[in-house]
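Next up, coords-v3.csv (CSV, C-alpha atoms):
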```
chain,number,residue,atom,x,y,z
T,89,MET,CA,13.0,13.4,-12.4
T,90,THR,CA,9.7,15.2,-12.5
T,91,ARG,CA,6.8,13.6,-10.5
T,92,GLU,CA,5.3,12.1,-13.6
T,93,GLU,CA,8.6,10.6,-14.8
T,94,ARG,CA,9.2,9.2,-11.3
T,95,GLN,CA,5.7,7.6,-11.2
T,96,ILE,CA,6.3,5.9,-14.6
T,97,ALA,CA,9.9,4.8,-13.8
T,98,VAL,CA,8.9,3.2,-10.5
T,99,ALA,CA,5.8,1.6,-12.0
T,100,GLN,CA,7.9,0.1,-14.8
T,101,GLY,CA,10.4,-1.1,-12.3
T,102,LEU,CA,7.8,-2.8,-10.1
T,103,LEU,CA,6.3,-4.5,-13.2
T,104,ARG,CA,9.7,-5.6,-14.4
T,105,ILE,CA,10.5,-7.5,-11.2
T,106,LYS,CA,7.0,-8.9,-11.1
T,107,ALA,CA,6.2,-7.1,-7.8
T,108,VAL,CA,2.7,-6.5,-9.1
T,109,PHE,CA,0.4,-9.5,-9.6
T,110,PHE,CA,-2.8,-9.5,-11.6
T,111,ARG,CA,-5.3,-12.3,-10.8
T,112,PRO,CA,-8.8,-11.3,-11.7
T,113,ASP,CA,-10.1,-14.9,-11.7
T,114,ASP,CA,-8.7,-15.8,-8.3
T,115,PRO,CA,-8.5,-12.6,-6.2
T,116,PHE,CA,-6.0,-12.0,-3.5
T,117,THR,CA,-7.2,-11.2,0.1
T,118,TRP,CA,-5.7,-8.1,1.6
T,119,ALA,CA,-5.1,-7.8,5.3
T,120,SER,CA,-8.2,-5.6,5.5
T,121,GLY,CA,-10.3,-8.6,4.1
T,122,ILE,CA,-10.8,-6.9,0.7
T,123,LYS,CA,-10.8,-9.3,-2.3
T,124,SER,CA,-8.6,-7.8,-5.0
T,125,PRO,CA,-7.6,-8.8,-8.5
T,126,VAL,CA,-4.3,-6.9,-8.0
T,127,TYR,CA,-1.6,-7.4,-5.4
T,128,CYS,CA,1.6,-5.3,-5.0
T,129,ASP,CA,4.5,-7.0,-3.1
T,130,ASN,CA,7.0,-4.3,-2.6
T,131,ARG,CA,9.2,-6.6,-0.5
T,132,LEU,CA,10.5,-7.9,-3.8
T,133,ILE,CA,12.2,-4.5,-4.3
T,134,LEU,CA,14.8,-5.5,-1.7
T,135,THR,CA,16.0,-8.5,-3.7
T,136,ALA,CA,16.2,-6.5,-7.0
T,137,PRO,CA,19.3,-4.2,-6.8
T,138,GLU,CA,18.6,-2.1,-9.9
T,139,VAL,CA,15.0,-1.3,-8.9
T,140,ARG,CA,16.0,-1.0,-5.2
T,141,ASP,CA,18.5,1.6,-6.2
T,142,LEU,CA,15.8,3.5,-8.2
T,143,VAL,CA,13.2,3.3,-5.4
T,144,GLU,CA,15.5,4.3,-2.5
T,145,ASN,CA,17.0,7.2,-4.3
T,146,GLN,CA,13.5,8.4,-5.3
T,147,ILE,CA,12.3,8.1,-1.7
T,148,ALA,CA,15.3,10.2,-0.7
T,149,GLU,CA,14.7,12.8,-3.4
T,150,THR,CA,11.0,13.0,-2.5
T,151,VAL,CA,11.8,13.6,1.1
T,152,LYS,CA,14.2,16.4,0.1
T,153,GLU,CA,11.7,18.0,-2.4
T,154,GLU,CA,8.5,17.6,-0.5
T,155,TYR,CA,9.6,17.8,3.2
T,156,PRO,CA,12.7,19.9,3.3
T,157,GLY,CA,12.4,20.4,7.1
T,158,CYS,CA,12.6,16.7,7.8
T,159,GLU,CA,14.9,15.7,10.6
T,160,VAL,CA,14.1,12.0,11.2
T,161,LEU,CA,12.7,9.1,9.0
T,162,MET,CA,10.4,6.6,10.7
T,163,GLY,CA,9.6,3.4,8.9
T,164,THR,CA,6.4,1.4,9.4
T,165,SER,CA,6.7,-2.0,10.8
T,166,THR,CA,7.7,-4.2,9.1
T,167,ALA,CA,7.7,-3.3,5.4
T,168,GLY,CA,8.8,0.3,5.7
T,169,ILE,CA,11.8,-0.4,7.9
T,170,ALA,CA,14.4,-1.3,5.3
T,171,HIS,CA,13.3,1.5,3.0
T,172,ALA,CA,13.6,4.1,5.8
T,173,ALA,CA,17.0,2.7,6.7
T,174,ILE,CA,18.4,2.9,3.1
T,175,ALA,CA,16.9,6.3,2.4
T,176,GLY,CA,18.1,7.5,5.7
T,177,HIS,CA,21.6,6.4,4.8
T,178,ILE,CA,21.4,8.2,1.4
T,179,LEU,CA,20.3,11.4,3.2
T,180,GLY,CA,22.7,11.1,6.1
T,181,MET,CA,19.6,11.3,8.3
T,182,PRO,CA,18.6,9.4,11.5
T,183,MET,CA,15.9,6.8,11.2
T,184,GLY,CA,13.8,4.5,13.4
T,185,TYR,CA,10.6,2.6,13.1
T,186,VAL,CA,7.2,2.2,14.8
T,187,ARG,CA,6.0,-1.1,15.9
T,188,SER,CA,2.4,-2.2,15.4
T,189,GLY,CA,2.1,-2.4,19.2
T,190,ALA,CA,4.4,-1.8,22.2
T,191,LYS,CA,6.8,-4.6,23.2
T,192,ASP,CA,5.7,-6.6,26.2
T,193,HIS,CA,9.3,-6.9,27.5
T,194,GLY,CA,12.5,-4.7,28.0
T,195,ARG,CA,11.7,-1.0,27.7
T,196,GLN,CA,8.3,-1.8,26.1
T,197,ASN,CA,9.0,0.5,23.3
T,198,ARG,CA,6.6,1.1,20.4
T,199,ILE,CA,8.9,3.6,18.7
T,200,GLU,CA,12.4,2.3,18.1
T,201,GLY,CA,15.3,4.7,17.7
T,202,LYS,CA,15.9,8.1,19.3
T,203,LEU,CA,13.1,10.6,18.9
T,204,GLU,CA,13.1,14.0,20.5
T,205,LYS,CA,9.9,15.9,21.2
T,206,GLY,CA,9.2,18.4,18.5
T,207,GLN,CA,11.4,16.7,15.9
T,208,LYS,CA,10.1,16.8,12.3
T,209,VAL,CA,9.4,13.3,11.1
T,210,VAL,CA,8.5,11.8,7.7
T,211,VAL,CA,7.0,8.3,7.7
T,212,ILE,CA,8.2,5.8,5.1
T,213,GLU,CA,5.6,3.3,4.0
T,214,ASP,CA,5.7,0.7,1.3
T,215,LEU,CA,2.1,0.7,0.3
T,216,ILE,CA,-1.2,2.4,1.2
T,217,SER,CA,-4.6,0.9,0.6
T,218,THR,CA,-7.3,1.9,3.2
T,219,GLY,CA,-4.8,4.0,5.2
T,220,GLY,CA,-5.6,2.6,8.6
T,221,SER,CA,-2.2,1.1,9.5
T,222,VAL,CA,-0.1,4.1,8.5
T,223,ILE,CA,-2.4,6.5,10.4
T,224,GLU,CA,-1.9,4.4,13.5
T,225,VAL,CA,1.9,5.0,13.0
T,226,VAL,CA,1.3,8.8,12.6
T,227,ASP,CA,-0.8,8.8,15.7
T,228,ALA,CA,1.8,7.0,17.8
T,229,LEU,CA,4.5,9.5,16.7
T,230,ARG,CA,2.3,12.5,17.5
T,231,GLU,CA,1.5,11.0,20.9
T,232,GLU,CA,5.3,11.0,21.6
T,233,GLY,CA,5.5,14.7,20.6
T,234,ALA,CA,6.9,14.4,17.1
T,235,GLU,CA,5.8,16.8,14.3
T,236,VAL,CA,4.8,14.5,11.5
T,237,LEU,CA,5.3,16.4,8.2
T,238,GLY,CA,3.8,13.6,6.1
T,239,ILE,CA,4.3,10.2,4.5
T,240,VAL,CA,6.4,9.0,1.5
T,241,SER,CA,5.0,5.7,0.2
T,242,ILE,CA,6.2,3.6,-2.7
T,243,PHE,CA,2.7,2.8,-4.0
T,244,THR,CA,-0.9,3.8,-3.3
T,245,TYR,CA,-4.1,2.3,-4.6
T,246,GLY,CA,-5.8,5.7,-4.4
T,247,ILE,CA,-8.9,4.2,-2.6
T,248,GLY,CA,-11.4,6.9,-1.8
T,249,LYS,CA,-11.8,5.9,1.9
T,250,GLY,CA,-8.0,5.8,2.3
T,251,LEU,CA,-7.6,9.3,0.9
T,252,LYS,CA,-10.4,10.5,3.1
T,253,ARG,CA,-8.9,8.9,6.2
T,254,LEU,CA,-5.5,10.6,5.5
T,255,GLU,CA,-7.3,14.0,5.0
T,256,GLU,CA,-9.3,13.6,8.2
T,257,ALA,CA,-6.0,12.7,10.1
T,258,ASN,CA,-4.4,15.9,8.6
T,259,VAL,CA,-1.6,13.9,7.1
T,260,ARG,CA,-0.1,14.4,3.7
T,261,ASN,CA,1.1,11.4,1.6
T,262,VAL,CA,3.3,11.5,-1.5
T,263,SER,CA,3.6,8.2,-3.4
T,264,LEU,CA,6.3,7.4,-5.8
T,265,THR,CA,3.7,5.7,-8.0
T,266,ASN,CA,0.1,4.7,-8.0
T,267,PHE,CA,-2.6,2.3,-9.2
T,268,ASP,CA,-3.6,4.3,-12.2
T,269,VAL,CA,0.0,4.6,-13.5
T,270,ILE,CA,0.7,0.9,-12.9
T,271,ALA,CA,-2.5,-0.1,-14.7
T,272,LYS,CA,-1.7,2.0,-17.7
T,273,GLU,CA,1.9,0.8,-17.8
T,274,ALA,CA,0.8,-2.8,-17.4
T,275,ALA,CA,-1.4,-2.6,-20.4
T,276,ALA,CA,1.3,-0.8,-22.5
T,277,GLN,CA,3.7,-3.6,-21.7
T,278,GLY,CA,1.3,-6.4,-22.3
T,279,TYR,CA,0.9,-7.6,-18.7
T,280,VAL,CA,-2.8,-7.0,-19.0
T,281,LYS,CA,-5.0,-6.2,-22.0
T,282,GLU,CA,-5.9,-2.6,-22.7
T,283,SER,CA,-9.6,-3.6,-22.2
T,284,ASP,CA,-8.7,-4.8,-18.6
T,285,ILE,CA,-7.8,-1.3,-17.5
T,286,GLU,CA,-11.4,-0.1,-17.2
T,287,GLY,CA,-12.2,-3.1,-15.0
T,288,LEU,CA,-9.2,-2.6,-12.7
T,289,ILE,CA,-10.0,1.1,-12.2
T,290,ALA,CA,-13.7,0.2,-11.6
T,291,PHE,CA,-12.6,-2.3,-8.9
T,292,ARG,CA,-10.5,0.4,-7.2
T,293,ASN,CA,-13.3,2.9,-7.4
T,294,SER,CA,-15.8,0.5,-6.0
T,295,LEU,CA,-13.9,0.4,-2.7
T,296,GLY,CA,-15.2,3.8,-1.8
```
Mind turning this structure into structure tokens?
Amino acid sequence: MTREERQIAVAQGLLRIKAVFFRPDDPFTWASGIKSPVYCDNRLILTAPEVRDLVENQIAETVKEEYPGCEVLMGTSTAGIAHAAIAGHILGMPMGYVRSGAKDHGRQNRIEGKLEKGQKVVVIEDLISTGGSVIEVVDALREEGAEVLGIVSIFTYGIGKGLKRLEEANVRNVSLTNFDVIAKEAAAQGYVKESDIEGLIAFRNSLG
């Protein structure tokens, strides 16, 4: 698939399994506190075998195409773990994951799985909004001596402050699909009205 074909196919898949919710009159609250008329629940991918197959194979293809030097996949905790594991299996590549904080027992690991200093890592994330949590993961990996090549995410809102944070952290993200593509496909398939697209894009742009 070309990048454009991938973006459309994944957007259509997410809409088909109702992983994208539109609620302009009763906005969702994100973890960051932002009130949003749109919510993307990529955990639903795992219970939809056809879309799961599409997504995991496209994650694997994206890693091969965009980060050919990758040696290890690292999932974000918790949503990126399963996707990193499945894509790692497809690629025959080691994987691990990064906790949101170090354990307070046992070996007190924050990074789970074997990671050698200097290894080239790609982070697997399900969704990026403001970018804060995935940058924390990248920072943790760099502190352990990994060379983080970049991120593969399933979906990104394309929020300006999130894009700026990634740029400032010197980390590249490649998403399978994005807010603009999903909004367009949602209108084309009747999930929202064509006239709603402008409002959805305006909401995203208003976040900075």
Inset, instruction - Please provide the set of residues having any atom within 8 Å of range 94-96 of chain T, restricted to all atoms listed in the file, with same-chain residues fewer than 2 positions apart removed, written as a PyMOL selection string. - result: chain T and resi 89-92+98-100+146+264-266+269-270+273
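Remark: for Leu251 in chain T, the closest of the candidate residues T:Ser188, T:Gln277, T:Ser124, T:Asn293 is T:Asn293 (distances computed over all atoms listed in the file).
The shell of residues at most 9 Å from range 224-230 of chain T, with only C-alpha atoms counted and near chain neighbours (fewer than 6 positions) removed, consists of T:Met162, T:Gly163, T:Thr164, T:Ser165, T:Val186, T:Arg187, T:Ser188, T:Arg198, T:Ile199, T:Leu203, T:Val209, T:Val211, T:Val236, T:Gly238, T:Ile239, T:Ala257, T:Val259.
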Legend entry - Length of the CA of Val126 in chain T to CA of Asn261 in chain T vector [Å]: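 Separation of CA of Val126 in chain T and CA of Asn261 in chain T: 21.4 Å.
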Inset, instruction - State, in Å with one decimal place, the distance from CA of Asp284 in chain T to CA of Tyr245 in chain T. - result: 16.4 Å
Inset, instruction - Would you mind listing what lies within 12 Å of Ile212 in chain T as JSON, numbers by chain, with all atoms listed in the file counted and same-chain residues fewer than 3 positions away left out? - result: {"T": [143, 144, 146, 147, 148, 150, 151, 160, 161, 162, 163, 164, 165, 166, 167, 168, 169, 170, 171, 172, 173, 174, 175, 176, 183, 184, 185, 186, 209, 215, 216, 222, 223, 225, 226, 236, 237, 238, 239, 240, 241, 242, 243, 261, 262, 263, 264]}
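Atom to atom, CA of Glu231 in chain T and CA of Asn130 in chain T stand 28.6 Å apart.
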Inset, instruction - May I ask which of the residues T:Asp113, T:Glu232, T:Glu93, T:Glu154 is the closest one to Arg260 in chain T, counting all atoms listed in the file? - result: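 Smallest separation from Arg260 in chain T among the options: T:Glu154.
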Legend entry - Closest of T:Ile289, T:Gly296, T:Gly233, T:Ser217 to Trp118 in chain T - atom-to-atom distances counting all atoms listed in the file: T:Ser217
Give me the residues within 8 Å of range 133-139 of chain T as an mmCIF file with C-alpha atoms, in the frame of the given file, counting all atoms listed in the file and dropping any in the same chain fewer than 5 places off.
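File around_38.cif, as written:
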```cif
data_model
loop_
_atom_site.group_PDB
_atom_site.id
_atom_site.type_symbol
_atom_site.label_atom_id
_atom_site.label_comp_id
_atom_site.auth_asym_id
_atom_site.auth_seq_id
_atom_site.Cartn_x
_atom_site.Cartn_y
_atom_site.Cartn_z
ATOM 1 C CA VAL T 98 8.900 3.200 -10.500
ATOM 2 C CA GLY T 101 10.400 -1.100 -12.300
ATOM 3 C CA LEU T 102 7.800 -2.800 -10.100
ATOM 4 C CA ILE T 105 10.500 -7.500 -11.200
ATOM 5 C CA ALA T 107 6.200 -7.100 -7.800
#
```
Inset, instruction - List the neighbours of Pro125 in chain T out to 6 Å using only C-alpha atoms; skip same-chain residues closer than 5 positions along the sequence, and give me the result as a list in words. - result: Phe110, Arg111, Pro112 and Pro115 of chain T
Inset, instruction - Go through T:Ile247, T:Lys152, T:Arg140, T:Glu255 one by one, measure the shortest atom-to-atom distance of each to Ala290 in chain T using only C-alpha atoms, and give the residue with the smallest value. - result: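 Using only C-alpha atoms, Ala290 in chain T sits closest to T:Ile247.
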